[in-house]
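Student: The following file, model_32.pdb, comprises PDB, C-alpha atoms and all ligand atoms:
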```pdb
ATOM      1  CA  MET A   4      -8.886 -29.290 -12.079
ATOM      2  CA  THR A   5      -8.808 -27.033  -8.985
ATOM      3  CA  HIS A   6      -5.866 -24.756  -8.422
ATOM      4  CA  SER A   7      -4.684 -23.583  -5.037
ATOM      5  CA  ILE A   8      -5.209 -19.889  -4.427
ATOM      6  CA  LYS A   9      -1.970 -17.933  -4.136
ATOM      7  CA  PHE A  10      -1.217 -14.669  -2.355
ATOM      8  CA  TRP A  11       0.857 -11.982  -4.081
ATOM      9  CA  ALA A  12       2.147  -8.649  -2.779
ATOM     10  CA  ILE A  13       2.419  -5.506  -4.888
ATOM     11  CA  VAL A  14       4.504  -2.682  -3.441
ATOM     12  CA  PRO A  15       4.120   0.721  -5.122
ATOM     13  CA  ALA A  16       7.491   2.448  -4.599
ATOM     14  CA  ALA A  17       7.728   4.931  -7.459
ATOM     15  CA  GLY A  18       6.688   8.101  -5.630
ATOM     16  CA  VAL A  19       8.974  11.121  -5.323
ATOM     17  CA  GLY A  20       8.042  12.004  -1.726
ATOM     18  CA  LYS A  21       7.247  15.681  -2.329
ATOM     19  CA  ARG A  22       5.845  16.217   1.184
ATOM     20  CA  MET A  23       8.968  14.721   2.762
ATOM     21  CA  GLN A  24      11.169  17.437   1.218
ATOM     22  CA  ALA A  25      14.268  15.223   1.348
ATOM     23  CA  ASP A  26      17.199  14.849  -1.061
ATOM     24  CA  ARG A  27      15.836  11.496  -2.303
ATOM     25  CA  PRO A  28      12.470   9.671  -2.414
ATOM     26  CA  LYS A  29      11.369   8.886   1.161
ATOM     27  CA  GLN A  30      11.482   5.103   0.602
ATOM     28  CA  TYR A  31      15.291   5.408   0.428
ATOM     29  CA  LEU A  32      15.754   7.452   3.619
ATOM     30  CA  ASP A  33      17.523   5.846   6.565
ATOM     31  CA  LEU A  34      15.358   4.456   9.344
ATOM     32  CA  ALA A  35      17.214   2.712  12.189
ATOM     33  CA  GLY A  36      20.069   1.579   9.946
ATOM     34  CA  LYS A  37      18.091   0.411   6.903
ATOM     35  CA  THR A  38      16.171   2.230   4.192
ATOM     36  CA  VAL A  39      12.417   2.559   4.666
ATOM     37  CA  ILE A  40      11.718   0.198   1.747
ATOM     38  CA  GLU A  41      14.070  -2.484   3.117
ATOM     39  CA  HIS A  42      12.106  -2.545   6.379
ATOM     40  CA  THR A  43       8.839  -2.786   4.433
ATOM     41  CA  LEU A  44      10.025  -5.630   2.199
ATOM     42  CA  LEU A  45      11.723  -7.594   4.980
ATOM     43  CA  ARG A  46       8.472  -7.507   6.942
ATOM     44  CA  LEU A  47       6.455  -8.687   3.920
ATOM     45  CA  LEU A  48       8.978 -11.491   3.343
ATOM     46  CA  GLN A  49       8.819 -12.448   7.037
ATOM     47  CA  ALA A  50       5.032 -12.872   6.786
ATOM     48  CA  ASP A  51       5.971 -15.954   4.740
ATOM     49  CA  VAL A  52       2.757 -16.035   2.705
ATOM     50  CA  PHE A  53       3.509 -14.444  -0.676
ATOM     51  CA  ALA A  54       4.314 -16.380  -3.845
ATOM     52  CA  ALA A  55       6.260 -13.257  -4.884
ATOM     53  CA  ILE A  56       6.409  -9.530  -4.191
ATOM     54  CA  ALA A  57       6.304  -7.144  -7.183
ATOM     55  CA  VAL A  58       7.916  -3.790  -6.432
ATOM     56  CA  ALA A  59       7.101  -0.892  -8.789
ATOM     57  CA  VAL A  60       9.980   1.585  -8.983
ATOM     58  CA  SER A  61      10.682   4.581 -11.179
ATOM     59  CA  GLU A  62      12.737   3.761 -14.278
ATOM     60  CA  GLU A  63      15.219   6.523 -13.364
ATOM     61  CA  ASP A  64      15.605   5.241  -9.791
ATOM     62  CA  PRO A  65      19.347   4.877  -9.002
ATOM     63  CA  TYR A  66      18.784   3.629  -5.425
ATOM     64  CA  TRP A  67      16.741   0.436  -5.935
ATOM     65  CA  PRO A  68      19.384  -1.620  -7.855
ATOM     66  CA  GLU A  69      21.904  -0.829  -5.095
ATOM     67  CA  LEU A  70      19.837  -2.618  -2.434
ATOM     68  CA  ALA A  71      20.558  -6.329  -1.904
ATOM     69  CA  VAL A  72      16.830  -6.973  -1.399
ATOM     70  CA  SER A  73      16.171  -5.978  -5.060
ATOM     71  CA  GLN A  74      17.914  -9.268  -6.031
ATOM     72  CA  HIS A  75      15.913 -11.449  -3.626
ATOM     73  CA  GLN A  76      14.496 -14.538  -5.371
ATOM     74  CA  ASN A  77      10.919 -13.695  -4.314
ATOM     75  CA  ILE A  78      11.085 -10.061  -5.419
ATOM     76  CA  ILE A  79      10.212  -8.933  -8.957
ATOM     77  CA  THR A  80      10.889  -5.394 -10.179
ATOM     78  CA  ALA A  81       8.175  -3.604 -12.181
ATOM     79  CA  PRO A  82       8.259  -0.181 -13.860
ATOM     80  CA  GLY A  83       6.540   2.532 -11.818
ATOM     81  CA  GLY A  84       3.782   4.738 -13.218
ATOM     82  CA  LYS A  85       2.716   8.380 -13.105
ATOM     83  CA  GLU A  86       0.330   7.905 -10.160
ATOM     84  CA  ARG A  87       0.199   5.280  -7.404
ATOM     85  CA  ALA A  88      -2.645   3.474  -9.218
ATOM     86  CA  ASP A  89      -0.506   3.238 -12.387
ATOM     87  CA  SER A  90       2.349   1.724 -10.377
ATOM     88  CA  VAL A  91       0.014  -0.860  -8.833
ATOM     89  CA  LEU A  92      -1.374  -1.768 -12.269
ATOM     90  CA  SER A  93       2.157  -2.138 -13.603
ATOM     91  CA  GLY A  94       2.988  -4.498 -10.722
ATOM     92  CA  LEU A  95      -0.091  -6.577 -11.539
ATOM     93  CA  LYS A  96       0.908  -6.810 -15.216
ATOM     94  CA  THR A  97       4.395  -7.989 -14.242
ATOM     95  CA  ILE A  98       2.987 -11.094 -12.528
ATOM     96  CA  ARG A  99       0.198 -11.788 -15.053
ATOM     97  CA  GLU A 100       1.830 -14.953 -16.456
ATOM     98  CA  GLN A 101       2.016 -16.515 -12.998
ATOM     99  CA  ALA A 102      -1.126 -15.227 -11.286
ATOM    100  CA  SER A 103      -4.717 -16.409 -11.711
ATOM    101  CA  ASP A 104      -7.727 -14.098 -11.667
ATOM    102  CA  ASP A 105      -8.928 -15.510  -8.366
ATOM    103  CA  ASP A 106      -5.554 -15.292  -6.585
ATOM    104  CA  TRP A 107      -5.382 -12.669  -3.826
ATOM    105  CA  VAL A 108      -3.185  -9.592  -4.172
ATOM    106  CA  LEU A 109      -2.164  -7.511  -1.154
ATOM    107  CA  VAL A 110      -1.087  -3.998  -2.168
ATOM    108  CA  HIS A 111       1.162  -2.374   0.427
ATOM    109  CA  ASP A 112       2.824   1.070   0.269
ATOM    110  CA  ALA A 113       6.630   1.039   0.339
ATOM    111  CA  ALA A 114       6.212   4.020   2.673
ATOM    112  CA  ARG A 115       4.598   1.932   5.459
ATOM    113  CA  PRO A 116       7.607   0.209   7.070
ATOM    114  CA  CYS A 117       5.960  -0.625  10.424
ATOM    115  CA  ILE A 118       3.568  -3.236   8.985
ATOM    116  CA  THR A 119       3.455  -6.332  11.163
ATOM    117  CA  ALA A 120       3.053  -9.986  10.186
ATOM    118  CA  SER A 121       0.120 -10.106  12.627
ATOM    119  CA  ASP A 122      -1.805  -7.425  10.677
ATOM    120  CA  ILE A 123      -1.046  -9.153   7.356
ATOM    121  CA  HIS A 124      -2.385 -12.444   8.721
ATOM    122  CA  LEU A 125      -5.398 -10.725  10.320
ATOM    123  CA  LEU A 126      -6.344  -9.208   6.944
ATOM    124  CA  ILE A 127      -5.905 -12.532   5.143
ATOM    125  CA  ASP A 128      -7.725 -14.599   7.766
ATOM    126  CA  THR A 129     -10.639 -12.148   7.919
ATOM    127  CA  LEU A 130     -11.138 -11.757   4.171
ATOM    128  CA  ALA A 131     -10.027 -15.031   2.568
ATOM    129  CA  GLY A 132     -13.679 -16.143   2.250
ATOM    130  CA  ASP A 133     -14.970 -12.765   1.069
ATOM    131  CA  ASP A 134     -16.332 -12.098  -2.426
ATOM    132  CA  VAL A 135     -14.625  -8.706  -2.835
ATOM    133  CA  GLY A 136     -11.823  -8.241  -0.284
ATOM    134  CA  GLY A 137     -10.944  -5.179   1.729
ATOM    135  CA  ILE A 138      -8.413  -3.091   3.570
ATOM    136  CA  LEU A 139      -6.806  -2.452   6.917
ATOM    137  CA  ALA A 140      -8.325   0.718   8.368
ATOM    138  CA  LEU A 141      -8.404   2.823  11.518
ATOM    139  CA  ALA A 142     -11.186   4.664  13.313
ATOM    140  CA  SER A 143     -10.561   8.338  14.105
ATOM    141  CA  PRO A 144      -9.640   9.134  17.710
ATOM    142  CA  ASP A 145     -10.625  12.787  17.116
ATOM    143  CA  THR A 146     -13.869  14.612  16.390
ATOM    144  CA  LEU A 147     -13.996  15.202  12.627
ATOM    145  CA  LYS A 148     -14.982  18.562  11.128
ATOM    146  CA  GLN A 149     -16.158  19.424   7.645
ATOM    147  CA  VAL A 150     -14.725  22.792   6.582
ATOM    148  CA  GLN A 151     -14.799  25.368   3.823
ATOM    149  CA  GLY A 152     -11.599  27.400   4.004
ATOM    150  CA  ASN A 153     -11.200  27.962   7.761
ATOM    151  CA  ASP A 154     -14.938  27.816   8.469
ATOM    152  CA  ILE A 155     -16.423  24.721  10.090
ATOM    153  CA  THR A 156     -19.554  23.719   8.221
ATOM    154  CA  GLY A 157     -20.372  20.553  10.130
ATOM    155  CA  THR A 158     -19.289  17.701  12.399
ATOM    156  CA  LEU A 159     -19.081  14.288  10.757
ATOM    157  CA  ASP A 160     -20.456  11.087  12.234
ATOM    158  CA  ARG A 161     -17.241   9.244  13.124
ATOM    159  CA  SER A 162     -18.895   5.850  13.070
ATOM    160  CA  HIS A 163     -19.061   6.170   9.256
ATOM    161  CA  ILE A 164     -15.532   7.495   8.636
ATOM    162  CA  TRP A 165     -12.424   5.292   8.726
ATOM    163  CA  ARG A 166      -8.836   5.988   7.700
ATOM    164  CA  ALA A 167      -7.605   3.729   4.893
ATOM    165  CA  LEU A 168      -4.313   1.907   5.525
ATOM    166  CA  THR A 169      -2.498  -0.761   3.541
ATOM    167  CA  PRO A 170      -2.269  -3.673   2.801
ATOM    168  CA  GLN A 171      -5.416  -3.641   0.674
ATOM    169  CA  MET A 172      -6.428  -7.133  -0.429
ATOM    170  CA  PHE A 173      -8.348  -7.961  -3.614
ATOM    171  CA  ARG A 174      -8.652 -10.709  -6.213
ATOM    172  CA  TYR A 175      -6.096 -10.315  -9.021
ATOM    173  CA  GLY A 176      -8.675 -10.151 -11.824
ATOM    174  CA  MET A 177     -11.100  -7.769 -10.091
ATOM    175  CA  LEU A 178      -8.338  -5.372  -9.051
ATOM    176  CA  LYS A 179      -6.719  -5.320 -12.508
ATOM    177  CA  THR A 180     -10.054  -4.641 -14.225
ATOM    178  CA  ALA A 181     -10.974  -1.936 -11.704
ATOM    179  CA  LEU A 182      -7.631  -0.161 -12.092
ATOM    180  CA  GLU A 183      -7.700  -0.414 -15.894
ATOM    181  CA  GLN A 184     -11.198   1.050 -16.034
ATOM    182  CA  SER A 185     -10.366   3.941 -13.689
ATOM    183  CA  GLN A 186      -7.038   4.943 -15.257
ATOM    184  CA  GLY A 187      -6.464   8.703 -15.149
ATOM    185  CA  ASN A 188      -9.164   9.281 -12.511
ATOM    186  CA  PRO A 189      -7.594  11.484  -9.768
ATOM    187  CA  ALA A 190     -10.155  10.259  -7.199
ATOM    188  CA  ILE A 191      -8.462   6.832  -7.129
ATOM    189  CA  THR A 192      -5.992   7.398  -4.276
ATOM    190  CA  ASP A 193      -6.077   3.821  -2.999
ATOM    191  CA  ASP A 194      -6.963   0.389  -4.401
ATOM    192  CA  ALA A 195     -10.330   0.127  -2.671
ATOM    193  CA  SER A 196     -11.563   3.307  -4.383
ATOM    194  CA  ALA A 197     -11.103   1.659  -7.795
ATOM    195  CA  LEU A 198     -13.333  -1.244  -6.700
ATOM    196  CA  GLU A 199     -15.861   1.129  -5.112
ATOM    197  CA  LEU A 200     -16.162   2.836  -8.501
ATOM    198  CA  GLN A 201     -17.241  -0.550  -9.914
ATOM    199  CA  GLY A 202     -20.146  -0.555  -7.454
ATOM    200  CA  LEU A 203     -18.439  -3.079  -5.156
ATOM    201  CA  ARG A 204     -18.216  -2.838  -1.365
ATOM    202  CA  PRO A 205     -14.798  -3.688   0.030
ATOM    203  CA  LYS A 206     -14.636  -4.466   3.769
ATOM    204  CA  ILE A 207     -12.649  -2.750   6.489
ATOM    205  CA  VAL A 208     -10.566  -4.706   8.976
ATOM    206  CA  GLU A 209      -9.351  -2.744  11.990
ATOM    207  CA  GLY A 210      -5.554  -2.499  11.833
ATOM    208  CA  ARG A 211      -2.838  -1.354  14.223
ATOM    209  CA  PRO A 212      -2.305   2.392  14.686
ATOM    210  CA  ASP A 213       1.471   1.981  14.387
ATOM    211  CA  ASN A 214       1.131   1.090  10.656
ATOM    212  CA  ILE A 215       1.855   4.708   9.709
ATOM    213  CA  LYS A 216       2.729   6.052   6.275
ATOM    214  CA  ILE A 217       5.976   8.005   6.163
ATOM    215  CA  THR A 218       4.701  11.231   4.630
ATOM    216  CA  ARG A 219       6.287  14.223   6.399
ATOM    217  CA  PRO A 220       9.745  14.639   8.017
ATOM    218  CA  GLU A 221       8.503  14.037  11.597
ATOM    219  CA  ASP A 222       7.146  10.584  10.598
ATOM    220  CA  LEU A 223      10.629   9.012  10.503
ATOM    221  CA  ALA A 224      11.191   9.504  14.258
ATOM    222  CA  LEU A 225       7.682   8.249  14.952
ATOM    223  CA  ALA A 226       8.269   5.113  12.852
ATOM    224  CA  GLN A 227      11.542   4.458  14.697
ATOM    225  CA  PHE A 228       9.733   4.801  18.042
ATOM    226  CA  TYR A 229       7.000   2.375  16.959
ATOM    227  CA  MET A 230       9.577  -0.139  15.688
ATOM    228  CA  GLU A 231      11.373  -0.067  19.038
ATOM    229  CA  GLN A 232       8.061  -0.795  20.803
ATOM    230  CA  GLN A 233       6.973  -3.658  18.484
TER     231      GLN A 233
HETATM  232  N1  LIG A 301       3.529   7.488  -9.049
HETATM  233  C1  LIG A 301       3.574   6.905  -7.850
HETATM  234  C2  LIG A 301       3.217   7.630  -6.673
HETATM  235  C3  LIG A 301       3.299   6.974  -5.449
HETATM  236  N2  LIG A 301       3.708   5.696  -5.387
HETATM  237  C4  LIG A 301       3.858   5.019  -4.097
HETATM  238  O1  LIG A 301       2.632   4.996  -3.394
HETATM  239  C5  LIG A 301       2.865   4.966  -1.992
HETATM  240  C6  LIG A 301       1.979   5.963  -1.242
HETATM  241  O2  LIG A 301       2.111   7.247  -1.847
HETATM  242  P1  LIG A 301       2.548   8.602  -1.143
HETATM  243  O3  LIG A 301       2.712   8.452   0.307
HETATM  244  O4  LIG A 301       1.649   9.667  -1.657
HETATM  245  O5  LIG A 301       4.042   8.775  -1.749
HETATM  246  P2  LIG A 301       4.630   9.906  -2.672
HETATM  247  O6  LIG A 301       3.786  10.064  -3.887
HETATM  248  O7  LIG A 301       6.063   9.541  -2.861
HETATM  249  O8  LIG A 301       4.539  11.189  -1.710
HETATM  250  P3  LIG A 301       4.124  12.698  -2.083
HETATM  251  O9  LIG A 301       2.660  12.641  -2.411
HETATM  252  O10 LIG A 301       4.441  13.466  -0.837
HETATM  253  O11 LIG A 301       4.979  13.102  -3.271
HETATM  254  C7  LIG A 301       4.350   5.241  -1.786
HETATM  255  O12 LIG A 301       4.979   4.029  -1.390
HETATM  256  C8  LIG A 301       4.815   5.723  -3.132
HETATM  257  O13 LIG A 301       6.163   5.392  -3.445
HETATM  258  C9  LIG A 301       4.028   5.001  -6.556
HETATM  259  O14 LIG A 301       4.396   3.824  -6.502
HETATM  260  N3  LIG A 301       3.937   5.628  -7.773
HETATM  261  C1  LIG A 302      -3.098   4.170  -0.181
HETATM  262  C2  LIG A 302      -2.959   5.065   1.023
HETATM  263  O1  LIG A 302      -1.816   4.696   1.776
HETATM  264  C3  LIG A 302      -4.178   4.859   1.912
HETATM  265  O2  LIG A 302      -4.101   5.686   3.023
HETATM  266  C4  LIG A 302      -2.822   6.508   0.639
HETATM  267  O3  LIG A 302      -4.021   6.979   0.099
HETATM  268  C5  LIG A 302      -1.667   6.793  -0.332
HETATM  269  O4  LIG A 302      -1.123   8.063  -0.180
HETATM  270  P1  LIG A 302      -1.704   9.475  -0.681
HETATM  271  O5  LIG A 302      -1.211  10.459   0.331
HETATM  272  O6  LIG A 302      -3.200   9.400  -0.738
HETATM  273  O7  LIG A 302      -1.089   9.661  -2.028
END
```
Now, as a test, write the supplied structure out as structure tokens.
Tutor:
Amino acid sequence: MTHSIKFWAIVPAAGVGKRMQADRPKQYLDLAGKTVIEHTLLRLLQADVFAAIAVAVSEEDPYWPELAVSQHQNIITAPGGKERADSVLSGLKTIREQASDDDWVLVHDAARPCITASDIHLLIDTLAGDDVGGILALASPDTLKQVQGNDITGTLDRSHIWRALTPQMFRYGMLKTALEQSQGNPAITDDASALELQGLRPKIVEGRPDNIKITRPEDLALAQFYMEQQ
């Protein structure tokens, strides 16, 4: 019997936002009248493609249960982990009864509220026939330098260097195995790096430059500007 392939979203949202230096984790800061995470989730819901969205939040998080979207019928809450990779793995485990190994999972940072339905569909349409999967990514508009301290030791070939964005799209089974086998490895800062460590070669799909990650205080104004332009 064949089963139809489903798409799931996992949203790691258990970070503390150290670089944001705010009074609460950055996903709960106000952005044009909603919290950052509400924008992110509403946009994922609007893409109208996910069987469910698993959101990994810290167990001591007082803000998440207060948001109406946490009760949405297509949103499942998962316990967050120590690192982003642990939160993603926790999200995967939360849907394990419903997901099949060959279903697709799109992992998207809670801290990227400007994601568009068009980029989600571009990623899916480009990679749905792929053996491994891949990520949205951006080329660098600047010359890239290799440095030691303040000394420049070289200029990198930009055609080989891309900036990793999210969503990152992989098969449920492959991603879970890759994350389980790389647990505790500090080099795993995104989902693709876990698959790379397995010897696999995820693809890049060129995404939109407005899909920024809220990381530092100035990023909130930039995100608001991009949202007004979209
Ligand atoms: N233990 C963690 C760490 C991060 N994240 C999530 O992973 C995404 C990308 O991480 P990053 O931008 O580094 O967020 P923070 O870890 O919160 O930021 P910082 O490194 O400045 O503390 C965010 O949505 C964040 O909430 C997570 O779910 N669990
Ligand atoms: C996954 C990610 O968004 C890809 O750019 C990013 O690596 C996560 O944030 P961090 O700053 O690396 O923790």
Student: Using only C-alpha atoms, determine which residues lie at most 8 Å from segment 18-32 of chain A, disregarding the query and same-chain residues fewer than 6 positions distant; provide the list as a list of chain:residue names.
Tutor: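 These residues fall inside the cut-off: A:Thr38, A:Val39, A:Ile40, A:Ser61, A:Tyr66, A:Glu86, A:Arg87, A:Ala113, A:Ala114, A:Ile217, A:Thr218, A:Arg219, A:Pro220.
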Student: Neighbours of Gly84 of chain A within 12 Å (all atoms listed in the file; same-chain residues fewer than 2 positions away dropped), as a PyMOL selection string?
Tutor: chain A and resi 15-19+58-63+81-82+86-94+186-187
Student: My list of candidates is A:Ile13, A:Ala140, A:Ala181, A:Ala71. Which is closest to ligand LIG 301 (chain A) when distances are computed with only C-alpha atoms and all ligand atoms?
Tutor: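 Counting only C-alpha atoms and all ligand atoms, the residue closest to ligand LIG 301 (chain A) is A:Ile13.
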Student: List all protein, DNA and RNA residues that have an atom no more than 9 Å from any atom of ligand LIG 302 (chain A), counting only C-alpha atoms and all ligand atoms, and report them as an MDAnalysis selection string.
Tutor: chainID A and resid 18 86:87 110:112 114:115 140 166:171 191:195 215:216 218
Student: Find the residue from A:Phe173, A:Trp165, A:Trp67, A:Trp107 that sits nearest to ligand LIG 301 (chain A); use all atoms listed in the file when measuring.
Tutor: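 Selected residue with least distance to ligand LIG 301 (chain A): A:Trp67.
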Student: Starting from 5 Å padding per side, set up an axis-aligned box that covers all listed atoms of segment 210-215 of chain A and hand over centre and edge lengths in Å, one decimal, as AutoDock Vina command-line options.
Tutor:
```
--center_x -1.8 --center_y 1.1 --center_z 12.2 --size_x 17.4 --size_y 17.2 --size_z 15.0
```
Student: Report, in Å to a single decimal, how far apart atom CA of Phe228 of chain A and atom CA of Leu141 of chain A are.
Tutor: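 Going from atom CA of Leu141 of chain A over to atom CA of Phe228 of chain A, I get 19.4 Å.
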Student: Using atom CA of Lys179 of chain A and atom CA of Val14 of chain A as the two end points, give the distance in Å to one decimal.
Tutor: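 Computed distance, atom CA of Lys179 of chain A to atom CA of Val14 of chain A, equals 14.7 Å.
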Student: Go through the shown structure with the PyMOL selection byres (((chain A and resi 105) around 7) and not hetatm) and write out the matching residues as a PyMOL selection string.
Tutor: chain A and resi 8+103-104+106-107+174-176
Student: Please provide as a short mmCIF file (atom, residue, chain, number, x, y, z; two decimals) with C-alpha atoms, keeping the file's coordinate frame all residues within 9 Å of Leu47 of chain A, with the sequence filter that same-chain residues fewer than 6 positions apart are discarded (counting all atoms listed in the file).
Tutor:
```
data_model
loop_
_atom_site.label_atom_id
_atom_site.label_comp_id
_atom_site.auth_asym_id
_atom_site.auth_seq_id
_atom_site.Cartn_x
_atom_site.Cartn_y
_atom_site.Cartn_z
CA ALA A 12 2.15 -8.65 -2.78
CA PHE A 53 3.51 -14.44 -0.68
CA ILE A 56 6.41 -9.53 -4.19
CA HIS A 111 1.16 -2.37 0.43
CA ILE A 118 3.57 -3.24 8.98
CA THR A 119 3.46 -6.33 11.16
CA ALA A 120 3.05 -9.99 10.19
CA ILE A 123 -1.05 -9.15 7.36
#
```
Student: Quick one: distance from atom CA of Gly210 of chain A to atom CA of Leu126 of chain A in Å, one decimal?
Tutor: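 These atoms are spaced 8.3 Å apart.
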Student: Could you tell me, as an NGL selection string, exactly which residues end up selected when the PyMOL selection byres (((chain A and resi 137) around 8) and not hetatm) is applied to this structure?
Tutor: :A and (130 or 135-136 or 138-139 or 171-173 or 195 or 205-208)
Student: Choose the residue, out of A:Ser143, A:Pro212, A:Asp222, A:Arg161, that has the smallest atom-to-atom separation from ligand LIG 301 (chain A); count all atoms listed in the file.
Tutor: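 Closest to ligand LIG 301 (chain A), using all atoms listed in the file: A:Asp222.
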Student: Closest to ligand LIG 301 (chain A) among A:Ala35, A:Leu147, A:Leu125, A:Leu44, using only C-alpha atoms and all ligand atoms?
Tutor: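 Smallest distance to ligand LIG 301 (chain A) is found for A:Leu44.
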